[in-house]
Amino acid sequence: MGLKRLGKNLVLKNGTIIDPHHKKTIHGDVWIKDGTIAGVGGFKAPKSSETVDCSGKVITHGFCDLHVHFREPGREDKETLQTGSLAAMAGGFTRVCVMPNTNPPLDSPESINFIREKAENCPIHIHPIGAVTKSQDGNDLTEMGLMHQEGAVAFSDDGLPIQDGAMMRIALEYATLVDVPIINHAEDVCLRAEGVMHEGRISTHLGLPGNPDLAESAMVHRDLELAEFTGARLHVPHVSSAKAVHHIREMKQKNKNVTAEVTPHHIFFNDDALTSFNTHLKVAPPIRTEEDRRALIQAVKEGTIDCIATDHAPHTIEDKETTFDLASFGMIGLESCFGAVHKVLMDQEGLQLEDVIALLTAKPRAIMGFDPDLFTLGRAAEINVIDADKEWTFEREHVRSRSINSPFYGEPLKGKVELTISCGRIFSN
Amino acid sequence: MLQQKHLLGLDGYPSEDIQVIIDTAFNFREVLDRPIKKVPSLQGVTIVNLFFENSTRTRISFELAQKRLSADTVNFTASSSSLKKGESFKDTAQNIEAMKIDAVVMRHPTPGAPKHLTEFIDAIIINAGDGTHEHPTQAILDMMSLHEKFGKLKGLKVAILGDILHSRVALSNIFGLITMGAEVTLCGPPNLIPTFIHDLDVTVNYNLDEVIEWADALNVLRIQRERMGRGLVPSTREYRSMFGITQERLEHHKKEIVIMHPGPMNRGVEIDGSVADSDQAIILDQVLNGVASRMAILYLLCGGKPSEEKV
Amino acid sequence: MSNQVLMDAKAVDRSITRLSHEILERTNSPEDIVLIGIHNRGVPIASRIQAKLQEFSGVILEQGSLDITFHRDDFRERLVMPQVKGTDISFSLDGKVVILVDDVLYTGRTIRAALDELNSFGRAAKVQLAVLVDRGHRELPIKADYVGKNVPTHEGEHVSVTLKETDETDCVCLIRTKE
């Protein structure tokens with residue numbers, strides 16, 4: 001259990017090897033030597049190799065999460081790059097992109113460099129996303145060129161929407177210089193007003209101020225049109241509404257530069273769950289109706305939504321254990337992601353395992369231009385071993401994050417990551 | 001006997017229990033007519049009034065109800081400036097419970113706060129108003145007053161007027177009246193009526209005259225002066241003209257209609273003083289029924305063995 | 001279970017008639033008397049006494065009813081629901097001679113609760129108690145002034161009173177629950 005250094009030779013024996021890049025599934029072994037792929041399928045590994053029996057298990061790429069919050073620098077009490085890495089590996093993730101809404105925000109080449117250097121000691125690959133505006137105040141562009149050189153893979157003011165349309169246009173135009181996506185947290189601040197949950201039937205029952213779906217869809221529509229106008233790359237984060245899906249679907253028919261992600265919680269829950277006033281379900285954008293949930297699932301099936309991203313957002317107990325209006329927005333999500341997504345998309349919706357895995361591996365990597373061919377010989381190993389049929393209930397003991405704010409406790413999930421290999425280390429659950 | 005341990009709201013509250021509360025409230029109304037208005041039923045029971053929001057009338061009503069039942073009452077009032085980020089809320093509640101109290105009557109500015117309270121104290125909790133969510137005891141006294149006037153609630157036509165969006169009185173009344181088989185119509189400025197309110201089985205009509213023609217009773221809500229301007233209500237005179245229960249408007253209709261108001265009133269805005277003072281208005285009866293229904297609620301929730309099995 | 005009839009309808013009527021005469025005998029001023037029936041069956045008995053007293057003396061006495069639910073001494077042990085329109089005393093008791101009327105006097109706790117409740121309505125000059133049956137086994141120092149019939153009982157025995165107004169027939173029965 002836990003994190004260990006990989007031995008010299010490790011052979012994963014007898015598993016179902018799913019390659020989401022080549023779209024192939026074979027049965028066999030994987031040999032990892034000195035932390036790199038030495039053999040897939042047929043090979044001869046040294047007899048002294050450590051072996052792991054993977055019968056009945058799936059061997060596949062490590063997952064890639066385009067949207068996590070690791071709170072460093074500034075709120076190391078909630079999460080650090082190290083603790084976030086452990087949470088990631090526990091969930092099967094070997095590569096993540098961290099959002100810049102830290103304190104101070106990642107709005108300079110120096111801060112991007114800080115993350116990159118710190119990440120070198122982490123057992124997973126961590127890519128910084130730079131802020132769009134300095135201090136995330138929506139006014140002045142950051143030095144995207146220099147930050148990109150330092151390793152920023154995209155730009156976002158996540159947490160805060162770029163409310164000013166002119167600013168969004170400028171950001172998109174400038175970003176074409178470095179050909180990376182702009183990721184805008186699309187929620188019109190004025191329409192959203194004081195809303196703490198989806199405005200609908202349930203919010204009316206609960207007397208809580210509501211945040212209507214058009215606060216998201218109106219801004220998504222604006223961003224899509226600006227992306228088309230500027231020719232820039234746009235990645236729409238945490239899509240939550242059927243209306244936004246509709247706009248994205250239409251725009252994607254003519255613009256290949258648009259991509260979108262959805263979180264596990266937006267396809268797992270609907271707003272009925274909030275009648276308990278559970279603050280762990282307080283997220284931005286909010287969890288919406290069953291109709292919205294179904295539209296998101298449909299969007300995933302047809303490719304309108306490209307990938308899953310957790311929006312892992314750690315918060316302290318004090319931030320959450322309070323009245324609903326004062327609770328912070330967000331939930332952790334790395335450890336529960338695969339089980340939740342598998343349960344919904346495979347168990348309930350009939351997707352194939354290969355498709356679910358692609359949503360967590362090849363698809364997100366393609367958006368960021370990360371190497372998708374992880375079973376190439378000589379490649380540094382980023383591998384998962386998964387028990388795809390395992391029924392399990394998510395509990396506190398499964399959490400490796402420094403924070404514990406999750407609404408999944410007690411939920412029956414399907415499919416569990418057992419081993420994650422990355423950066424010469426192996427994590428076992 | 002009531003099925004639920006607490007009274008947090010009327011959403012999903014069983015109709016049989018609402019009827020039991022109303023019936024028992026009439027018994028307590030009789031007690032309030034006696035020369036000595038006291039019964040020993042809650043002797044030895046300690047009740048804390050935990051008010052995180054200012055409210056003199058509701059608190060006094062509860063205090064009177066508690067004292068008439070011979071319970072011991074303690075008041076805790078926190079001004080909203082001392083209400084820090086929820087930490088004092090939990091600590092305050094647990095500190096008070098550590099002093100061995102039986103029940104808490106709580107008013108708080110945030111929806112869900114009483115439900116939240118049930119997670120960390122064992123005492124019986126009665127919601128005296130949680131932000132824009134519910135105010136169940138107000139709805140119960142309103143229904144008791146209607147029952148007193150009409151002898152029934154089923155099939156009664158009740159209109160609720162005013163700022164529905166921000167009104168816990170409205171929401172609790174809607175839940176309670178619909179459960180008891182009454183028909184409810186809402187009337188007020190369109191931007192102050194929740195977009196998704198139709199889901200609650202109510203009708204919406206912005207034409208006040210049509211609503212008056214239809215209704216057996218009008219529950220007139222206070223229009224808060226803070227809502228004026230800010231684009232919500234253009235002005236007082238506009239509100240009075242479009243939605244005010246004025247003497248002229250009622251005279252024009254010439255019908256028997258019962259006028260209710262949860263108080264406090266803005267005389268001359270949502271309701272004319274002469275209307276409030278007229279025989280059609282049962283506003284003062286509501287106040288007395290408020291004490292009686294709160295006595296009934298306290299009696300039914302706190303009476304009997306402390307360990308009586310309730311949800 | 002065995003059922004023994006102690007008083008049939010005729011016997012009940014004779015008892016109530018005798019009680020009414022006794023009440024008249026012991027007072028100089030029947031106009032000061034007020035009859036308060038204790039729910040349930042004390043109320044119809046009080047009504048009958050009122051009717052008979054009117055017949056014998058021409059005086060119509062004031063009558064009220066009492067629901068002792070809120071004054072019970074076991075309120076911390078069990079929650080009891082009050083009667084609909086239980087207590088109904090619409091006059092002051094100051095200076096009156098109150099005669100409490102009940103069907104069966106047993107432990108005396110009901111009467112104690114009734115005395116407690118009467119205090120809320122004024123200060124009576126005198127309070128007396130009329131019961132149809134006294135079955136003994138007092139747990140408090142309470143005594144009836146007018147008794148229809150004394151019925152000594154043992155544990156496992158129960159006195160059941162039925163009246164025309166509430167149960168179709170007048171009857172006082174002794175019910176023994178077998179061991």
# chains A, B, ... in the order shown; residues from 1 in each chain; ligands from 1

$ closest_atom_pairs --of "chain A" --to "chain B" --cutoff "7 Å" --atoms "only C-alpha atoms" --output "tab-separated table"
residue	atom	partner	partner_atom	distance
A:Gly200	CA	B:Phe196	CA	5.6
A:Arg201	CA	B:Phe196	CA	5.5
A:Thr204	CA	B:Phe196	CA	6.6
A:Leu206	CA	B:His133	CA	5.6
A:Gly207	CA	B:His133	CA	3.9
A:Leu208	CA	B:Pro111	CA	6.2
A:Phe277	CA	B:Gly112	CA	6.2
A:Thr322	CA	B:Gly86	CA	5.1
A:Thr323	CA	B:Ala113	CA	5.8
A:Phe324	CA	B:Gly112	CA	7.0
A:Asp325	CA	B:Thr110	CA	6.6
A:Leu326	CA	B:Lys85	CA	6.7

$ write_last_selection --atoms "N, CA, C and O atoms" --output "short mmCIF file (atom, residue, chain, number, x, y, z; two decimals), in the first residue's frame"
data_model
loop_
_atom_site.label_atom_id
_atom_site.label_comp_id
_atom_site.auth_asym_id
_atom_site.auth_seq_id
_atom_site.Cartn_x
_atom_site.Cartn_y
_atom_site.Cartn_z
N GLY A 200 -33.67 26.26 -10.02
CA GLY A 200 -34.67 25.36 -10.59
C GLY A 200 -35.66 24.95 -9.53
O GLY A 200 -35.84 25.64 -8.52
N ARG A 201 -36.27 23.82 -9.74
CA ARG A 201 -37.28 23.31 -8.82
C ARG A 201 -36.71 23.12 -7.43
O ARG A 201 -37.32 23.52 -6.43
N THR A 204 -35.93 26.29 -5.49
CA THR A 204 -37.17 26.92 -5.04
C THR A 204 -37.66 26.25 -3.76
O THR A 204 -38.08 26.92 -2.82
N LEU A 206 -35.83 24.77 -1.59
CA LEU A 206 -34.91 25.00 -0.49
C LEU A 206 -34.75 26.47 -0.14
O LEU A 206 -34.06 26.80 0.83
N GLY A 207 -35.37 27.35 -0.91
CA GLY A 207 -35.24 28.77 -0.60
C GLY A 207 -33.84 29.31 -0.79
O GLY A 207 -33.50 30.37 -0.28
N LEU A 208 -32.98 28.57 -1.52
CA LEU A 208 -31.60 29.03 -1.72
C LEU A 208 -31.53 29.85 -3.00
O LEU A 208 -32.18 29.52 -4.00
N PHE A 277 -28.90 19.75 1.79
CA PHE A 277 -28.06 20.91 2.09
C PHE A 277 -26.60 20.48 2.32
O PHE A 277 -25.89 21.15 3.06
N THR A 322 -20.03 24.46 7.50
CA THR A 322 -20.66 25.71 7.89
C THR A 322 -21.97 25.81 7.14
O THR A 322 -22.36 24.88 6.43
N THR A 323 -22.68 26.94 7.30
CA THR A 323 -23.96 27.06 6.61
C THR A 323 -23.73 27.16 5.11
O THR A 323 -22.67 27.57 4.65
N PHE A 324 -24.72 26.77 4.34
CA PHE A 324 -24.57 26.59 2.90
C PHE A 324 -24.09 27.85 2.20
O PHE A 324 -23.29 27.78 1.27
N ASP A 325 -24.55 29.00 2.65
CA ASP A 325 -24.17 30.23 1.94
C ASP A 325 -22.69 30.54 2.12
O ASP A 325 -22.06 31.12 1.24
N LEU A 326 -22.12 30.16 3.25
CA LEU A 326 -20.73 30.51 3.53
C LEU A 326 -19.74 29.44 3.09
O LEU A 326 -18.54 29.70 3.03
#

$ interface_residues --of "chain B" --to "chain C" --cutoff "6 Å" --atoms "only C-alpha atoms" --output "VMD selection string"
chain B and resid 35 to 36 39 to 41 303 to 305

$ write_last_selection --atoms "all heavy atoms" --output "tab-separated table (two decimals), in the first residue's frame"
chain	number	residue	atom	x	y	z
B	35	PRO	N	-58.59	32.96	32.98
B	35	PRO	CA	-58.00	33.99	33.83
B	35	PRO	C	-56.52	33.70	34.14
B	35	PRO	O	-55.70	34.60	34.10
B	35	PRO	CB	-58.84	33.93	35.11
B	35	PRO	CG	-60.12	33.30	34.69
B	35	PRO	CD	-59.82	32.38	33.55
B	36	ILE	N	-56.21	32.47	34.46
B	36	ILE	CA	-54.81	32.11	34.67
B	36	ILE	C	-54.38	31.24	33.49
B	36	ILE	O	-54.82	30.12	33.31
B	36	ILE	CB	-54.61	31.35	36.00
B	36	ILE	CG1	-54.97	32.26	37.15
B	36	ILE	CG2	-53.17	30.87	36.11
B	36	ILE	CD1	-54.77	31.65	38.53
B	39	VAL	N	-50.45	26.12	32.02
B	39	VAL	CA	-50.59	24.69	32.28
B	39	VAL	C	-49.21	24.15	32.60
B	39	VAL	O	-48.22	24.70	32.13
B	39	VAL	CB	-51.19	23.93	31.06
B	39	VAL	CG1	-52.59	24.43	30.75
B	39	VAL	CG2	-50.30	24.07	29.86
B	40	PRO	N	-49.13	23.08	33.37
B	40	PRO	CA	-47.82	22.61	33.82
B	40	PRO	C	-47.13	21.63	32.87
B	40	PRO	O	-46.11	21.06	33.20
B	40	PRO	CB	-48.15	21.91	35.14
B	40	PRO	CG	-49.52	21.37	34.93
B	40	PRO	CD	-50.23	22.33	34.02
B	41	SER	N	-47.67	21.47	31.67
B	41	SER	CA	-47.23	20.38	30.80
B	41	SER	C	-45.74	20.32	30.52
B	41	SER	O	-45.18	19.24	30.36
B	41	SER	CB	-47.95	20.45	29.46
B	41	SER	OG	-49.32	20.47	29.66
B	303	GLY	N	-43.25	17.13	24.76
B	303	GLY	CA	-43.94	16.38	25.80
B	303	GLY	C	-43.59	14.92	25.74
B	303	GLY	O	-43.10	14.43	24.73
B	304	GLY	N	-43.85	14.22	26.82
B	304	GLY	CA	-43.59	12.79	26.81
B	304	GLY	C	-42.14	12.48	27.12
B	304	GLY	O	-41.33	13.35	27.36
B	305	LYS	N	-41.83	11.17	27.07
B	305	LYS	CA	-40.48	10.71	27.38
B	305	LYS	C	-39.49	11.38	26.45
B	305	LYS	O	-39.67	11.39	25.26
B	305	LYS	CB	-40.40	9.20	27.15
B	305	LYS	CG	-40.68	8.37	28.35
B	305	LYS	CD	-39.99	7.00	28.11
B	305	LYS	CE	-40.42	5.89	29.03
B	305	LYS	NZ	-41.70	5.90	29.62

$ closest_residue --among "B:Val220, B:Thr77, B:Ser293, B:Asn95" --to "Ala276 of chain B" --atoms "only C-alpha atoms"
B:Val220

$ residues_around --residues "Arg95 of chain A" --least-positions-apart "4" --cutoff "7 Å" --atoms "only C-alpha atoms" --output "ChimeraX atom specification"
/A:63-65,124-126

$ residues_around --residues "Thr361 of chain A" --least-positions-apart "5" --cutoff "10 Å" --atoms "only C-alpha atoms" --output "list in words"
Asp19, Pro20, His21, Thr60, His61, Gly62, Phe63, Cys64, Asp65, Phe93, Thr94, Arg95, Cys307, Ile308, Asp355, Val356, Ala366, Pro372 and Leu374 of chain A

$ write_last_selection --atoms "C-alpha atoms" --output "PDB file, in the first residue's frame"
ATOM      1  CA  ASP A  19      -4.080   0.889 -25.677  1.00  0.00           C
ATOM      2  CA  PRO A  20      -6.327   3.938 -26.123  1.00  0.00           C
ATOM      3  CA  HIS A  21      -3.950   5.581 -28.591  1.00  0.00           C
ATOM      4  CA  THR A  60      -3.634   0.705 -19.546  1.00  0.00           C
ATOM      5  CA  HIS A  61      -2.292   4.270 -19.731  1.00  0.00           C
ATOM      6  CA  GLY A  62      -2.083   6.387 -16.623  1.00  0.00           C
ATOM      7  CA  PHE A  63      -4.887   8.953 -16.546  1.00  0.00           C
ATOM      8  CA  CYS A  64      -4.429  12.611 -17.391  1.00  0.00           C
ATOM      9  CA  ASP A  65      -6.447  15.327 -15.618  1.00  0.00           C
ATOM     10  CA  PHE A  93      -3.656   9.749 -12.659  1.00  0.00           C
ATOM     11  CA  THR A  94      -0.032  10.084 -13.772  1.00  0.00           C
ATOM     12  CA  ARG A  95      -0.263  13.534 -15.365  1.00  0.00           C
ATOM     13  CA  CYS A 307     -12.737  14.292 -21.951  1.00  0.00           C
ATOM     14  CA  ILE A 308     -13.255  13.950 -18.219  1.00  0.00           C
ATOM     15  CA  ASP A 355     -14.134   4.467 -24.480  1.00  0.00           C
ATOM     16  CA  VAL A 356     -14.181   5.339 -20.797  1.00  0.00           C
ATOM     17  CA  ALA A 366      -4.489  15.105 -27.371  1.00  0.00           C
ATOM     18  CA  PRO A 372      -0.284   9.845 -26.363  1.00  0.00           C
ATOM     19  CA  LEU A 374       2.484   5.371 -23.808  1.00  0.00           C
TER      20      LEU A 374
END

$ atom_distance --atom1 "atom CA of Asp140 of chain A" --atom2 "atom CA of His235 of chain A"
20.9 Å
